[in-house]
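Asker: Sharing a structure below in structure tokens format, with a few things to ask.
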Amino acid sequence: MNYLMDLWSFDSASSVSCALIIVAFAVIGAGLKYIDDAFDEEVFSKKIAKLTAPILVILWVCLSIFDSISATVLFSVLFAVLLSGKVDNLIFKLSSIALVAVLFLTQISHLLLVPLFALTVMGIADEKGNDCVDKHKTLEVWEFFFAYRCSMKVGILGLCTLSLLPWLYMIAFLAFDTAYEFVGEYRYLEVPNFSFKVKKFQLALIILKKFK
């Protein structure tokens with residue numbers, strides 16, 4: 001009986017840990033896109049972006065310290081962006097310096113080198129491919145592939161298939177990427193000049209009533 005209780009406790013703790021990793025990846029992905037669009041596209045609040053950045057750094061660091069595989073995946077994203085020259089605002093630069101400093105102080109010896117190298121290369125391919133399809137006309141399949149940065153997804157899928165990474169991190173990365181894309185698409189869900197359109201609609205109703 002005690003054995004069954006211990007086993008149930010272990011499974012519950014494991015399930016909670018997996019859920020926390022997935023949620024943390026999603027939060028980091030959403031936060032990165034919010035900050036990026038706040039400074040590059042000026043569609044979100046820069047004040048909120050500045051407050052969000054240190055929270056993301058703390059979450060990233062905590063996750064990386066307690067889970068070396070999460071650290072490997074997250075830092076491969078960071079290295080790909082850095083090596084592609086995509087860190088283009090002060091908040092990202094300061095955050096990157098803080099993360100790299102923590103990496104060298106804590107986790108550098110625990111990173112999984114083969115997945116780190118493979119995912120960094122795939123991440124660079126995503127960034128360069130994304131730039132290419134933005135500037136040049138190409139086949140729709142390649143436009144879709146690089147517009148949604150599928151190289152890293154394929155890389156993680158391959159590493160999971162070869163048992164170099166647990167499948168949990170495929171789900172976690174998809175959560176990261178889905179949250180990132182959702183925030184990027186969020187502004188398109190807003191109706192432009194909504195209040196103005198409501199007033200036009202009300203005016204149209206008044207005119208119609210007069211002609212009845």
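Residue numbering restarts at 1 for every chain of the structure tokens, chains are lettered A, B, ... in their displayed order, and ligands are numbered from 1 as they appear.
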So that I can see what lies close to Val77 in chain A, please list as a PyMOL selection string the residues with an atom at most 8 Å from it, counting only C-alpha atoms and leaving out residues fewer than 6 positions away in the same chain.
Answerer: chain A and resi 119-120+123
Asker: Contacts of Leu99 in chain A at 8 Å or less, counting only C-alpha atoms, minus same-chain residues fewer than 3 places along, as an MDAnalysis selection string?
Answerer: chainID A and resid 57 61 95:96 102:103
Asker: Have a look at CA of Ser68 in chain A and CA of Leu113 in chain A and let me know their distance in Å, one decimal.
Answerer: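 Separating CA of Ser68 in chain A from CA of Leu113 in chain A is a distance of 10.9 Å.
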Asker: Skipping near chain neighbours, those fewer than 4 positions away, what residues fall within 8 Å of Leu63 in chain A using only C-alpha atoms, listed as a PDB file with N, CA and C atoms, in the first residue's frame?
Answerer:
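Final output, saved to result-v5.pdb:
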```pdb
ATOM      1  N   ILE A  21       7.035  22.948 -17.020  1.00  0.00           N
ATOM      2  CA  ILE A  21       8.010  23.187 -18.086  1.00  0.00           C
ATOM      3  C   ILE A  21       7.308  23.696 -19.344  1.00  0.00           C
ATOM      4  N   ALA A  24       6.055  27.231 -18.737  1.00  0.00           N
ATOM      5  CA  ALA A  24       7.184  28.167 -18.708  1.00  0.00           C
ATOM      6  C   ALA A  24       7.672  28.477 -20.117  1.00  0.00           C
ATOM      7  N   LEU A  59      12.564  33.729 -14.990  1.00  0.00           N
ATOM      8  CA  LEU A  59      11.917  32.451 -15.318  1.00  0.00           C
ATOM      9  C   LEU A  59      12.853  31.566 -16.122  1.00  0.00           C
ATOM     10  N   ASP A  67      16.774  22.409 -14.833  1.00  0.00           N
ATOM     11  CA  ASP A  67      16.546  21.452 -15.914  1.00  0.00           C
ATOM     12  C   ASP A  67      17.526  21.727 -17.050  1.00  0.00           C
ATOM     13  N   SER A  70      15.998  21.827 -20.674  1.00  0.00           N
ATOM     14  CA  SER A  70      15.349  23.116 -20.962  1.00  0.00           C
ATOM     15  C   SER A  70      16.398  24.174 -21.272  1.00  0.00           C
ATOM     16  N   ALA A  71      17.473  24.175 -20.481  1.00  0.00           N
ATOM     17  CA  ALA A  71      18.565  25.129 -20.717  1.00  0.00           C
ATOM     18  C   ALA A  71      19.147  24.941 -22.109  1.00  0.00           C
TER      19      ALA A  71
END
```
Asker: As an exercise, work out the distance from CA of Asp177 in chain A to CA of Arg149 in chain A in Å and give it to one decimal place.
Answerer: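 Atom-to-atom, CA of Asp177 in chain A and CA of Arg149 in chain A are spaced 9.0 Å apart.
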Asker: Rounded to one decimal, what separation in Å do you get between CA of Asp131 in chain A and CA of Phe92 in chain A?
Answerer: 19.2 Å
Asker: Just checking: using only C-alpha atoms, which residue out of A:Thr72, A:Ile55, A:Tyr186, A:Asn89 ends up closest to Phe173 in chain A?
Answerer: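 Result for the nearest residue to Phe173 in chain A: A:Thr72.
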Asker: Could you list, as a list in words, every residue within 8 Å of Ile171 in chain A, counting only C-alpha atoms and ignoring same-chain residues fewer than 4 positions away?
Answerer: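 Counting only the stated atoms, we get Ile22, Trp167 and Ala175 of chain A.
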Asker: So, counting only C-alpha atoms, which residue among A:Leu20, A:Ser64, A:Glu42, A:Ile156 is closest to Tyr169 in chain A?
Answerer: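 Between A:Leu20, A:Ser64, A:Glu42, A:Ile156, the residue approaching Tyr169 in chain A most closely is A:Ile156.
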